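Asks: Coordinates in coords-v5.txt, compact mmCIF, C-alpha atoms, are listed below.
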```
# COMPACT_ATOMS: atom_id res chain seq x y z
CA MET A 1 -65.17 -80.04 -16.18
CA SER A 2 -63.47 -80.33 -12.79
CA GLN A 3 -65.64 -80.11 -9.69
CA TRP A 4 -64.63 -78.11 -6.61
CA HIS A 5 -63.84 -81.27 -4.65
CA ASP A 6 -61.50 -82.46 -7.42
CA PHE A 7 -58.96 -79.76 -6.55
CA THR A 8 -56.45 -80.07 -3.72
CA THR A 9 -56.75 -77.94 -0.60
CA GLY A 10 -53.81 -75.83 -1.76
CA GLU A 11 -55.40 -75.25 -5.17
CA ARG A 12 -58.69 -74.27 -3.56
CA ILE A 13 -56.96 -71.74 -1.29
CA LYS A 14 -55.15 -70.28 -4.29
CA MET A 15 -58.42 -69.94 -6.23
CA LEU A 16 -60.18 -68.31 -3.29
CA ARG A 17 -57.25 -65.92 -2.95
CA GLY A 18 -57.81 -64.86 -6.56
CA LYS A 19 -55.69 -61.90 -7.67
CA GLU A 20 -54.57 -61.07 -4.15
CA THR A 21 -50.87 -61.79 -3.50
CA GLN A 22 -49.65 -64.38 -1.04
CA ALA A 23 -48.14 -61.51 0.96
CA GLY A 24 -51.52 -59.76 1.08
CA LEU A 25 -53.29 -62.89 2.33
CA ALA A 26 -50.53 -63.44 4.87
CA GLU A 27 -50.96 -59.93 6.25
CA ARG A 28 -54.74 -60.19 6.51
CA SER A 29 -54.69 -63.66 8.09
CA GLY A 30 -51.86 -62.98 10.53
CA LEU A 31 -49.86 -65.84 9.04
CA SER A 32 -46.43 -65.71 7.44
CA LYS A 33 -45.96 -65.67 3.69
CA HIS A 34 -43.96 -68.88 4.11
CA THR A 35 -47.03 -70.52 5.71
CA ILE A 36 -49.24 -69.41 2.81
CA GLN A 37 -46.72 -70.86 0.37
CA LYS A 38 -46.69 -74.15 2.28
CA VAL A 39 -50.46 -74.56 2.40
CA GLU A 40 -50.79 -73.73 -1.31
CA GLN A 41 -48.20 -76.44 -1.98
CA ASP A 42 -50.39 -78.88 -0.02
CA LYS A 43 -48.00 -79.21 2.88
CA ASN A 44 -49.49 -80.05 6.28
CA VAL A 45 -51.94 -77.40 7.50
CA SER A 46 -53.21 -77.19 11.08
CA LEU A 47 -56.78 -76.46 12.13
CA PRO A 48 -55.87 -73.04 13.63
CA THR A 49 -54.26 -72.12 10.30
CA LEU A 50 -57.36 -73.27 8.41
CA LEU A 51 -59.57 -71.18 10.68
CA ARG A 52 -57.43 -68.07 10.10
CA LEU A 53 -57.47 -68.63 6.36
CA ALA A 54 -61.25 -69.14 6.31
CA GLU A 55 -61.75 -65.86 8.16
CA ALA A 56 -59.32 -63.95 5.92
CA LEU A 57 -60.85 -65.39 2.74
CA HIS A 58 -64.39 -64.73 4.02
CA SER A 59 -65.18 -68.37 3.44
CA ASP A 60 -65.77 -71.52 5.47
CA VAL A 61 -63.41 -74.34 6.40
CA SER A 62 -65.80 -76.75 4.65
CA VAL A 63 -65.28 -74.79 1.40
CA ILE A 64 -61.49 -74.81 1.76
CA LEU A 65 -61.53 -78.57 2.38
CA GLY A 66 -63.80 -79.16 -0.64
CA HIS A 67 -66.83 -80.40 1.29
CA GLN A 68 -68.97 -77.71 -0.34
CA ALA A 69 -68.42 -75.40 -3.27
CA PRO A 70 -68.01 -71.63 -2.93
CA ARG A 71 -70.75 -69.29 -4.06
CA ARG A 72 -70.67 -69.24 -7.83
CA GLY A 73 -69.34 -66.03 -9.31
CA MET A 74 -68.67 -64.43 -5.92
CA GLY A 75 -65.38 -62.74 -5.05
CA ARG A 76 -63.89 -61.98 -1.66
CA ASP A 77 -65.88 -58.77 -1.16
CA GLY A 78 -69.13 -60.53 -2.00
CA ARG A 79 -68.39 -63.38 0.39
CA SER A 80 -67.55 -60.87 3.10
CA MET A 81 -70.84 -59.03 2.57
CA LEU A 82 -72.83 -62.26 2.68
CA ARG A 83 -71.20 -63.36 5.93
CA GLU A 84 -71.92 -59.98 7.52
CA LEU A 85 -75.50 -60.09 6.24
CA SER A 86 -75.99 -63.57 7.70
CA ARG A 87 -74.64 -62.52 11.07
CA LYS A 88 -76.80 -59.41 11.20
CA VAL A 89 -79.98 -61.28 10.21
CA HIS A 90 -79.48 -64.00 12.82
CA ASP A 91 -78.31 -61.62 15.54
CA THR A 92 -81.24 -59.26 14.98
CA ALA A 93 -83.78 -62.09 14.97
CA ALA A 94 -82.24 -63.35 18.23
CA GLY A 95 -82.34 -59.89 19.80
CA VAL A 96 -78.56 -59.45 19.82
CA LEU A 97 -78.09 -55.78 19.01
CA ALA A 98 -74.93 -53.70 18.90
CA GLU A 99 -74.85 -50.55 20.99
CA PRO A 100 -75.89 -47.50 18.97
CA ALA A 101 -73.30 -44.85 18.23
CA GLU A 102 -73.45 -41.99 20.72
CA GLY A 103 -75.91 -39.34 19.68
CA VAL A 104 -77.24 -41.44 16.77
CA SER A 105 -80.95 -42.19 16.93
CA PRO A 106 -82.50 -42.46 13.46
CA GLY A 107 -86.12 -41.48 13.18
CA GLN A 108 -88.82 -43.10 11.08
CA ALA A 109 -88.42 -40.60 8.23
CA ASP A 110 -84.66 -41.27 8.05
CA LEU A 111 -85.27 -45.00 7.97
CA VAL A 112 -87.87 -44.73 5.21
CA GLU A 113 -85.37 -42.73 3.15
CA ALA A 114 -82.66 -45.33 3.81
CA ALA A 115 -85.05 -48.09 2.74
CA ASP A 116 -85.79 -46.29 -0.54
CA ARG A 117 -82.06 -45.96 -1.21
CA MET A 118 -81.52 -49.67 -0.47
CA TRP A 119 -84.30 -50.71 -2.85
CA ARG A 120 -83.04 -48.42 -5.63
CA VAL A 121 -79.68 -50.18 -5.50
CA TYR A 122 -81.44 -53.56 -5.44
CA TRP A 123 -83.56 -52.63 -8.47
CA ARG A 124 -80.53 -51.82 -10.57
CA GLY A 125 -79.23 -55.33 -9.92
CA ASP A 126 -76.25 -54.45 -7.72
CA TYR A 127 -77.02 -57.07 -5.09
CA ALA A 128 -73.62 -56.97 -3.39
CA GLU A 129 -73.95 -53.24 -2.73
CA ALA A 130 -77.60 -53.64 -1.75
CA GLY A 131 -76.59 -56.31 0.76
CA SER A 132 -73.96 -54.00 2.23
CA LEU A 133 -76.75 -51.42 2.75
CA VAL A 134 -79.09 -53.94 4.39
CA VAL A 135 -76.62 -54.65 7.22
CA PRO A 136 -76.61 -51.13 8.77
CA PHE A 137 -80.26 -50.61 7.83
CA LEU A 138 -81.33 -53.72 9.71
CA GLN A 139 -79.28 -52.64 12.72
CA SER A 140 -80.80 -49.15 12.72
CA VAL A 141 -84.37 -50.41 12.29
CA ALA A 142 -83.93 -52.94 15.10
CA LEU A 143 -82.74 -50.18 17.45
CA PHE A 144 -85.65 -48.00 16.35
CA ALA A 145 -88.09 -50.86 17.02
CA GLN A 146 -86.56 -51.49 20.44
CA ALA A 147 -87.24 -47.91 21.50
CA ALA A 148 -90.40 -47.28 19.44
CA PRO A 149 -92.90 -45.18 21.37
CA VAL A 150 -96.54 -46.10 21.66
CA GLY A 151 -98.20 -45.78 18.28
CA GLN A 152 -95.08 -46.49 16.21
CA GLU A 153 -94.79 -50.23 16.83
CA ALA A 154 -96.54 -51.09 13.57
CA ALA A 155 -94.25 -48.79 11.56
CA ALA A 156 -91.19 -50.33 13.22
CA ASN A 157 -92.35 -53.87 12.46
CA GLY A 158 -93.12 -52.89 8.88
CA LEU A 159 -89.58 -51.58 8.39
CA LEU A 160 -88.13 -54.70 10.03
CA SER A 161 -90.17 -56.80 7.60
CA ASP A 162 -88.74 -54.81 4.68
CA ALA A 163 -85.17 -55.25 5.93
CA PHE A 164 -85.53 -59.00 6.41
CA ARG A 165 -87.26 -59.36 3.01
CA ALA A 166 -84.43 -57.49 1.30
CA ALA A 167 -81.90 -59.75 3.04
CA GLY A 168 -83.85 -62.81 1.89
CA LEU A 169 -84.09 -61.71 -1.74
CA ILE A 170 -80.39 -60.85 -1.90
CA ALA A 171 -79.36 -64.09 -0.20
CA ASN A 172 -81.56 -66.05 -2.58
CA PHE A 173 -80.02 -64.43 -5.64
CA LEU A 174 -76.50 -65.12 -4.33
CA GLY A 175 -77.30 -68.77 -3.63
CA ALA A 176 -77.40 -68.63 0.20
CA ARG A 177 -80.64 -70.60 0.38
CA ASP A 178 -80.74 -71.23 4.16
CA LEU A 179 -80.28 -67.52 4.86
CA ALA A 180 -82.98 -66.72 2.29
CA TYR A 181 -85.53 -69.03 3.92
CA ALA A 182 -84.74 -67.72 7.41
CA SER A 183 -84.87 -64.06 6.35
CA VAL A 184 -88.22 -64.41 4.59
CA GLY A 185 -89.60 -66.23 7.64
CA HIS A 186 -88.54 -63.33 9.91
CA ALA A 187 -90.02 -60.87 7.41
CA ILE A 188 -93.38 -62.66 7.52
CA ARG A 189 -93.44 -62.56 11.33
CA HIS A 190 -92.86 -58.81 11.41
CA ALA A 191 -95.38 -58.15 8.61
CA ASP A 192 -97.95 -60.01 10.72
CA LEU A 193 -96.99 -57.96 13.79
CA ALA A 194 -97.40 -54.81 11.70
CA ALA A 195 -100.82 -56.06 10.55
CA ASP A 196 -99.87 -54.86 7.07
CA PRO A 197 -101.75 -56.75 4.31
CA VAL A 198 -99.61 -55.28 1.51
CA ARG A 199 -96.30 -56.34 3.06
CA ARG A 200 -97.74 -59.74 3.96
CA SER A 201 -98.88 -60.22 0.39
CA MET A 202 -95.48 -59.21 -1.01
CA LEU A 203 -93.91 -61.99 1.03
CA GLY A 204 -95.93 -64.62 -0.82
CA SER A 205 -94.04 -63.87 -4.03
CA ALA A 206 -90.77 -63.52 -2.08
CA ARG A 207 -91.12 -66.99 -0.59
CA ALA A 208 -92.22 -68.38 -3.95
CA ARG A 209 -89.06 -66.92 -5.48
CA VAL A 210 -86.89 -68.75 -2.94
CA LEU A 211 -88.78 -72.00 -3.51
CA LEU A 212 -88.39 -71.65 -7.29
CA ARG A 213 -84.64 -71.16 -7.02
CA ASP A 214 -84.52 -74.21 -4.75
CA ALA A 215 -86.32 -76.24 -7.47
CA ARG A 216 -89.37 -76.74 -5.22
CA VAL A 217 -91.68 -75.69 -8.03
CA GLU A 218 -94.97 -77.23 -6.90
CA GLN A 219 -94.58 -75.64 -3.48
CA ALA A 220 -93.79 -72.31 -5.13
CA LEU A 221 -97.00 -72.56 -7.14
CA ARG A 222 -99.06 -73.35 -4.04
CA GLU A 223 -97.42 -70.52 -2.07
CA ALA A 224 -98.01 -67.91 -4.78
CA GLU A 225 -101.62 -68.95 -5.40
CA ALA A 226 -102.42 -69.03 -1.67
CA ALA A 227 -100.88 -65.58 -1.20
CA ALA A 228 -102.92 -64.27 -4.14
CA VAL A 229 -106.14 -65.65 -2.64
CA ARG A 230 -105.34 -64.03 0.71
CA ALA A 231 -104.57 -60.70 -0.93
CA GLU A 232 -107.24 -60.61 -3.64
CA PRO A 233 -108.78 -57.16 -3.29
CA ARG A 234 -112.47 -56.46 -3.73
CA PHE A 235 -113.36 -53.95 -6.43
CA SER A 236 -114.19 -51.51 -3.65
CA GLU A 237 -110.62 -51.85 -2.30
CA MET A 238 -108.48 -51.11 -5.33
CA GLU A 239 -105.55 -49.63 -3.45
CA PRO A 240 -102.71 -49.69 -6.02
CA ALA A 241 -100.14 -51.20 -3.63
CA LEU A 242 -102.40 -54.11 -2.66
CA LEU A 243 -103.48 -54.66 -6.26
CA ALA A 244 -99.81 -54.68 -7.33
CA ALA A 245 -98.91 -57.20 -4.62
CA TYR A 246 -101.83 -59.37 -5.73
CA GLY A 247 -100.70 -59.20 -9.36
CA LYS A 248 -97.16 -60.13 -8.44
CA ASN A 249 -98.35 -63.27 -6.68
CA ILE A 250 -100.41 -64.20 -9.73
CA ILE A 251 -97.41 -63.72 -12.02
CA PHE A 252 -95.19 -65.91 -9.81
CA ALA A 253 -97.87 -68.58 -9.85
CA ALA A 254 -97.80 -68.38 -13.66
CA VAL A 255 -94.00 -68.68 -13.66
CA SER A 256 -94.27 -71.75 -11.41
CA ALA A 257 -96.92 -73.34 -13.63
CA SER A 258 -94.72 -72.81 -16.69
CA ARG A 259 -91.80 -74.51 -14.90
CA LEU A 260 -94.09 -77.49 -14.33
CA GLY A 261 -94.97 -77.51 -18.05
CA ASP A 262 -98.64 -76.78 -17.35
CA SER A 263 -99.26 -74.46 -20.31
CA ASP A 264 -103.03 -74.11 -19.78
CA ARG A 265 -102.67 -73.14 -16.14
CA ALA A 266 -99.80 -70.80 -16.92
CA ALA A 267 -101.81 -69.13 -19.70
CA ASP A 268 -104.84 -68.67 -17.43
CA LEU A 269 -102.74 -67.17 -14.63
CA LEU A 270 -100.87 -64.95 -17.07
CA SER A 271 -104.17 -63.66 -18.43
CA GLN A 272 -105.23 -62.75 -14.88
CA ALA A 273 -101.89 -61.06 -14.28
CA HIS A 274 -102.27 -58.94 -17.43
CA ALA A 275 -105.78 -57.96 -16.32
CA VAL A 276 -104.43 -56.74 -12.98
CA ALA A 277 -101.66 -54.82 -14.76
CA ALA A 278 -104.19 -53.21 -17.09
CA ARG A 279 -106.32 -52.25 -14.10
CA LEU A 280 -103.30 -50.50 -12.58
CA GLY A 281 -102.54 -48.78 -15.88
CA ARG A 282 -98.91 -48.15 -14.94
CA ASP A 283 -96.09 -49.84 -13.09
CA VAL A 284 -96.35 -49.36 -9.34
CA PHE A 285 -93.21 -49.20 -7.20
CA GLY A 286 -93.01 -49.46 -3.43
CA ASN A 287 -91.22 -51.32 -0.63
CA GLY A 288 -88.94 -53.06 -3.09
CA MET A 289 -91.74 -54.22 -5.37
CA GLN A 290 -92.58 -53.43 -8.98
CA TYR A 291 -95.73 -54.50 -10.76
CA GLY A 292 -97.67 -53.24 -13.74
CA PRO A 293 -97.86 -53.55 -17.54
CA SER A 294 -94.08 -53.48 -18.11
CA TYR A 295 -93.35 -56.08 -15.44
CA ALA A 296 -96.16 -58.38 -16.58
CA GLY A 297 -94.94 -58.11 -20.19
CA ALA A 298 -91.37 -58.99 -19.25
CA GLN A 299 -92.54 -62.01 -17.25
CA ALA A 300 -94.71 -63.11 -20.17
CA VAL A 301 -91.54 -63.28 -22.30
CA GLY A 302 -89.84 -65.59 -19.79
CA ILE A 303 -92.93 -67.75 -19.27
CA ASN A 304 -93.29 -68.39 -22.99
CA VAL A 305 -89.59 -69.23 -23.32
CA THR A 306 -90.00 -71.79 -20.52
CA LEU A 307 -93.04 -73.29 -22.26
CA GLY A 308 -91.07 -73.65 -25.51
CA ASN A 309 -92.87 -70.84 -27.34
CA ALA A 310 -89.75 -69.01 -28.52
CA GLY A 311 -91.44 -67.24 -31.42
CA LYS A 312 -94.27 -65.99 -29.23
CA ALA A 313 -91.77 -64.82 -26.60
CA LEU A 314 -89.92 -62.75 -29.21
CA ASP A 315 -93.19 -61.31 -30.52
CA ILE A 316 -94.22 -60.26 -27.00
CA SER A 317 -90.84 -58.63 -26.41
CA ARG A 318 -91.47 -56.36 -29.40
CA GLN A 319 -95.06 -55.49 -28.48
CA PHE A 320 -94.80 -53.72 -25.12
CA ASP A 321 -92.95 -50.76 -23.69
CA ALA A 322 -90.12 -52.04 -21.49
CA SER A 323 -88.89 -48.58 -20.53
CA GLY A 324 -90.64 -48.81 -17.16
CA LEU A 325 -88.67 -51.84 -16.01
CA THR A 326 -86.05 -51.68 -13.29
CA GLN A 327 -82.55 -52.41 -14.53
CA ALA A 328 -82.51 -55.87 -12.94
CA ALA A 329 -85.86 -56.80 -14.51
CA HIS A 330 -84.74 -55.47 -17.89
CA ASN A 331 -81.51 -57.49 -17.68
CA ARG A 332 -83.43 -60.66 -16.92
CA MET A 333 -85.77 -60.05 -19.85
CA GLN A 334 -82.75 -59.65 -22.13
CA LEU A 335 -81.50 -63.07 -21.01
CA ASP A 336 -84.93 -64.54 -21.79
CA ILE A 337 -84.83 -62.89 -25.23
CA ALA A 338 -81.36 -64.29 -25.85
CA LEU A 339 -82.58 -67.75 -24.89
CA ALA A 340 -85.60 -67.42 -27.19
CA GLN A 341 -83.27 -66.41 -30.03
CA CYS A 342 -81.08 -69.40 -29.24
CA ASP A 343 -84.10 -71.74 -29.25
CA SER A 344 -84.99 -70.27 -32.65
CA ARG A 345 -81.46 -71.13 -33.88
CA GLN A 346 -80.55 -67.47 -34.26
CA TRP A 347 -77.13 -68.30 -32.83
CA ASP A 348 -75.26 -65.11 -33.66
CA THR A 349 -78.13 -62.84 -32.64
CA SER A 350 -78.52 -64.74 -29.38
CA LEU A 351 -74.83 -64.40 -28.54
CA ASP A 352 -74.91 -60.69 -29.43
CA THR A 353 -77.86 -60.12 -27.08
CA LEU A 354 -76.17 -62.14 -24.35
CA LEU A 355 -72.83 -60.40 -24.79
CA GLU A 356 -74.48 -56.98 -24.56
CA VAL A 357 -76.11 -57.61 -21.18
CA CYS A 358 -73.19 -59.60 -19.74
CA SER A 359 -70.67 -56.93 -20.77
CA ALA A 360 -72.74 -54.16 -19.20
CA TYR A 361 -73.54 -56.05 -15.98
CA PRO A 362 -70.87 -58.73 -15.50
CA GLU A 363 -71.26 -59.18 -11.72
CA TRP A 364 -75.01 -59.64 -12.09
CA ALA A 365 -74.60 -62.04 -15.01
CA LYS A 366 -72.19 -64.31 -13.12
CA HIS A 367 -75.02 -65.44 -10.85
CA GLN A 368 -77.39 -66.34 -13.72
CA ALA A 369 -77.82 -69.82 -15.15
CA ILE A 370 -79.12 -68.80 -18.59
CA PRO A 371 -75.77 -67.58 -20.02
CA GLY A 372 -74.22 -71.00 -19.49
CA VAL A 373 -77.18 -72.69 -21.17
CA ILE A 374 -76.94 -70.41 -24.20
CA ILE A 375 -73.16 -70.79 -24.51
CA GLU A 376 -73.52 -74.57 -24.44
CA ARG A 377 -76.23 -74.58 -27.12
CA ALA A 378 -74.71 -71.91 -29.34
CA SER A 379 -71.11 -73.06 -29.12
CA ARG A 380 -71.12 -73.87 -32.83
CA ALA A 381 -71.38 -70.13 -33.57
CA GLY A 382 -68.85 -67.27 -33.33
CA ASN A 383 -65.95 -68.49 -31.23
CA SER A 384 -64.77 -64.98 -30.42
CA ARG A 385 -68.11 -64.18 -28.79
CA ILE A 386 -67.99 -67.33 -26.66
CA ARG A 387 -64.43 -66.63 -25.53
CA LYS A 388 -65.44 -63.10 -24.56
CA LEU A 389 -68.51 -64.30 -22.67
CA SER A 390 -66.50 -66.98 -20.88
CA GLU A 391 -63.99 -64.34 -19.83
CA ILE A 392 -66.77 -62.10 -18.45
CA LEU A 393 -68.51 -64.95 -16.64
CA GLY A 394 -65.32 -66.54 -15.33
CA THR A 395 -65.98 -69.90 -16.98
CA SER A 396 -64.07 -72.12 -19.35
CA PRO A 397 -65.03 -71.65 -23.02
CA THR A 398 -66.84 -74.56 -24.64
CA ILE A 399 -66.17 -74.43 -28.37
CA ARG A 400 -67.04 -77.20 -30.76
```
What is this structure when it is put down as structure tokens?
Replies:
Amino acid sequence: MSQWHDFTTGERIKMLRGKETQAGLAERSGLSKHTIQKVEQDKNVSLPTLLRLAEALHSDVSVILGHQAPRRGMGRDGRSMLRELSRKVHDTAAGVLAEPAEGVSPGQADLVEAADRMWRVYWRGDYAEAGSLVVPFLQSVALFAQAAPVGQEAAANGLLSDAFRAAGLIANFLGARDLAYASVGHAIRHADLAADPVRRSMLGSARARVLLRDARVEQALREAEAAAVRAEPRFSEMEPALLAAYGKNIIFAAVSASRLGDSDRAADLLSQAHAVAARLGRDVFGNGMQYGPSYAGAQAVGINVTLGNAGKALDISRQFDASGLTQAAHNRMQLDIALAQCDSRQWDTSLDTLLEVCSAYPEWAKHQAIPGVIIERASRAGNSRIRKLSEILGTSPTIR
């Protein structure tokens, strides 16, 4: 399979342009159609032209020149959102704020409502739209914090922490690792300023998530366990939100242990996580977090798949009520089920499960690694399914 750097500069520009016409790119970049034709034919291209193209394509010159690959599965709108999100995160952290619109001064209640709307979009797995909501939300919260009267500083810092955490989780999912690390770091600072133990605890699992996606598994395990120890509530302090944040850190520690192949440690942590979920009795939602029996059950499926216990993973998936899961969490569990079916050599069933979730949520699926793994392993099965999946995911079919 060709790598990004194997293509010529002209081919890379054409691929980044996608379905847009040369005339459309010319209009947006301020270049002539003749110039676009020349650069796509690998004729000489000047630095000013490259800079205009990078801006119009919502990409970087380094991507156009092949020094780094573009975000996998991300179109022009997604790249544009991510660039705007990055700018807003860094500008806000540096204190660079745009002037508020005349007469617009959102209050705390309005911002809480906007945060709930942002998290609802995030929970259904539409990360591009969620990211587009974070940008104005972060701007509004920063302006609110700047003018917060005495007594509302903690609330302002709490909302800033939520905005930065959302930016970090979205950036992490879309593969913008540097932005994810920076955003989570800013979120931690504001959670500390807010003196909010629940938000601070949530950020343990958020940072562990970034570390996991960056393949820093041992550090993820240490981060999640340390956050759990800091947050562990006494029996006299069983506030549901804090207990849920504690449970989520325990579950991410279990996920990390399973990635390290430590089955005993993973099983022990998973048992603790189930105990916390049982104590809650229901799934708790708040500030972009879900934890409870449904969430713990879904994670148990993935943990057992990682540990090579495909049969047990499938048994677990049939034994708990998944109706309480957010759409994104349910989608991820379906991928884990498909992988367990694949590991059990149920090739057709695995591809059917995979095709169902990928067809329903194609943009979400493009950023997942599991579909590619399943397609590679199950390529001996139904060719029509693999061609359909490859079309949805934007990859080349691998058929044996």
Asks: What lies within 12 Å of Tyr361 (chain A) using only C-alpha atoms, ignoring chain neighbours under 3 positions off, as number ranges by chain?
Replies: A: 124-127, 327-328, 330-332, 334-335, 354-358, 364-368, 389, 392-393
Asks: Write the residues of the selection above to a file with C-alpha atoms, as a PDB file, keeping the file's coordinate frame.
Replies:
```pdb
ATOM      1  CA  ARG A 124     -80.530 -51.820 -10.570  1.00  0.00           C
ATOM      2  CA  GLY A 125     -79.230 -55.330  -9.920  1.00  0.00           C
ATOM      3  CA  ASP A 126     -76.250 -54.450  -7.720  1.00  0.00           C
ATOM      4  CA  TYR A 127     -77.020 -57.070  -5.090  1.00  0.00           C
ATOM      5  CA  GLN A 327     -82.550 -52.410 -14.530  1.00  0.00           C
ATOM      6  CA  ALA A 328     -82.510 -55.870 -12.940  1.00  0.00           C
ATOM      7  CA  HIS A 330     -84.740 -55.470 -17.890  1.00  0.00           C
ATOM      8  CA  ASN A 331     -81.510 -57.490 -17.680  1.00  0.00           C
ATOM      9  CA  ARG A 332     -83.430 -60.660 -16.920  1.00  0.00           C
ATOM     10  CA  GLN A 334     -82.750 -59.650 -22.130  1.00  0.00           C
ATOM     11  CA  LEU A 335     -81.500 -63.070 -21.010  1.00  0.00           C
ATOM     12  CA  LEU A 354     -76.170 -62.140 -24.350  1.00  0.00           C
ATOM     13  CA  LEU A 355     -72.830 -60.400 -24.790  1.00  0.00           C
ATOM     14  CA  GLU A 356     -74.480 -56.980 -24.560  1.00  0.00           C
ATOM     15  CA  VAL A 357     -76.110 -57.610 -21.180  1.00  0.00           C
ATOM     16  CA  CYS A 358     -73.190 -59.600 -19.740  1.00  0.00           C
ATOM     17  CA  TRP A 364     -75.010 -59.640 -12.090  1.00  0.00           C
ATOM     18  CA  ALA A 365     -74.600 -62.040 -15.010  1.00  0.00           C
ATOM     19  CA  LYS A 366     -72.190 -64.310 -13.120  1.00  0.00           C
ATOM     20  CA  HIS A 367     -75.020 -65.440 -10.850  1.00  0.00           C
ATOM     21  CA  GLN A 368     -77.390 -66.340 -13.720  1.00  0.00           C
ATOM     22  CA  LEU A 389     -68.510 -64.300 -22.670  1.00  0.00           C
ATOM     23  CA  ILE A 392     -66.770 -62.100 -18.450  1.00  0.00           C
ATOM     24  CA  LEU A 393     -68.510 -64.950 -16.640  1.00  0.00           C
TER      25      LEU A 393
END
```
Asks: Rounded to one decimal, what separation in Å do you get between CA of Val89 (chain A) and CA of Glu363 (chain A)?
Replies: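 According to the coordinates, CA of Val89 (chain A) and CA of Glu363 (chain A) are separated by 23.7 Å.
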Asks: Which residue is closest to Ala267 (chain A)? Choose from A:Tyr295, A:Asn304, A:Ala245, A:Glu113 and count only C-alpha atoms.
Replies: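 Using only C-alpha atoms, the shortest distance to Ala267 (chain A) belongs to A:Asn304.
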Asks: Need to verify the contact set: region 179-187 of chain A, 10 Å, all atoms listed in the file, exclusion of same-chain residues closer than 2 positions in sequence. Can you return it as an NGL selection string?
Replies: :A and (82 or 85-87 or 89-90 or 92-93 or 157-177 or 189-193 or 199-200 or 203-204 or 206-207 or 209-211)
Asks: For CA of Val61 (chain A) and CA of Trp4 (chain A), determine how far apart the two atoms are, in Å to one decimal place.
Replies: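 One can read the CA of Val61 (chain A) to CA of Trp4 (chain A) distance as 13.6 Å.
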Asks: Please list as a PyMOL selection string every residue within 9 Å of Phe320 (chain A), counting all atoms listed in the file and excluding residues in the same chain fewer than 6 positions away.
Replies: chain A and resi 293-294+297-298
Asks: Can you tell me, as number ranges by chain, which residues sit within 6 Å of (-104.5, -60.5, -5.9) in the file's frame, using all atoms listed in the file?
Replies: A: 228, 231-232, 243, 246-247
Asks: How far is it from CA of Lys38 (chain A) to CA of Met81 (chain A), in Å with one decimal?
Replies: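 Calculated distance between CA of Lys38 (chain A) and CA of Met81 (chain A) is 28.5 Å.
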Asks: Have a look at A:His58, A:Lys19, A:Lys248, A:Lys14 and name the one nearest to Glu40 (chain A); count all atoms listed in the file.
Replies: A:Lys14
Asks: From the options A:Arg279, A:Arg28, A:Lys43, A:Arg216, which residue's atoms come nearest to Met238 (chain A), counting only C-alpha atoms?
Replies: A:Arg279
Asks: Which residue gives the smallest distance to Val198 (chain A) among A:Pro149, A:Gly131, A:Gly10, A:Gly286, with all atoms listed in the file counted?
Replies: A:Gly286
Asks: So that I can see what lies close to Gln299 (chain A), please list as a ChimeraX atom specification the residues with an atom at most 12 Å from it, counting only C-alpha atoms and leaving out residues fewer than 6 positions away in the same chain.
Replies: /A:247-248,250-256,258,266-267,269-271,273-274,277,290-293,305-306,313,316-317,320,322,325,329-337
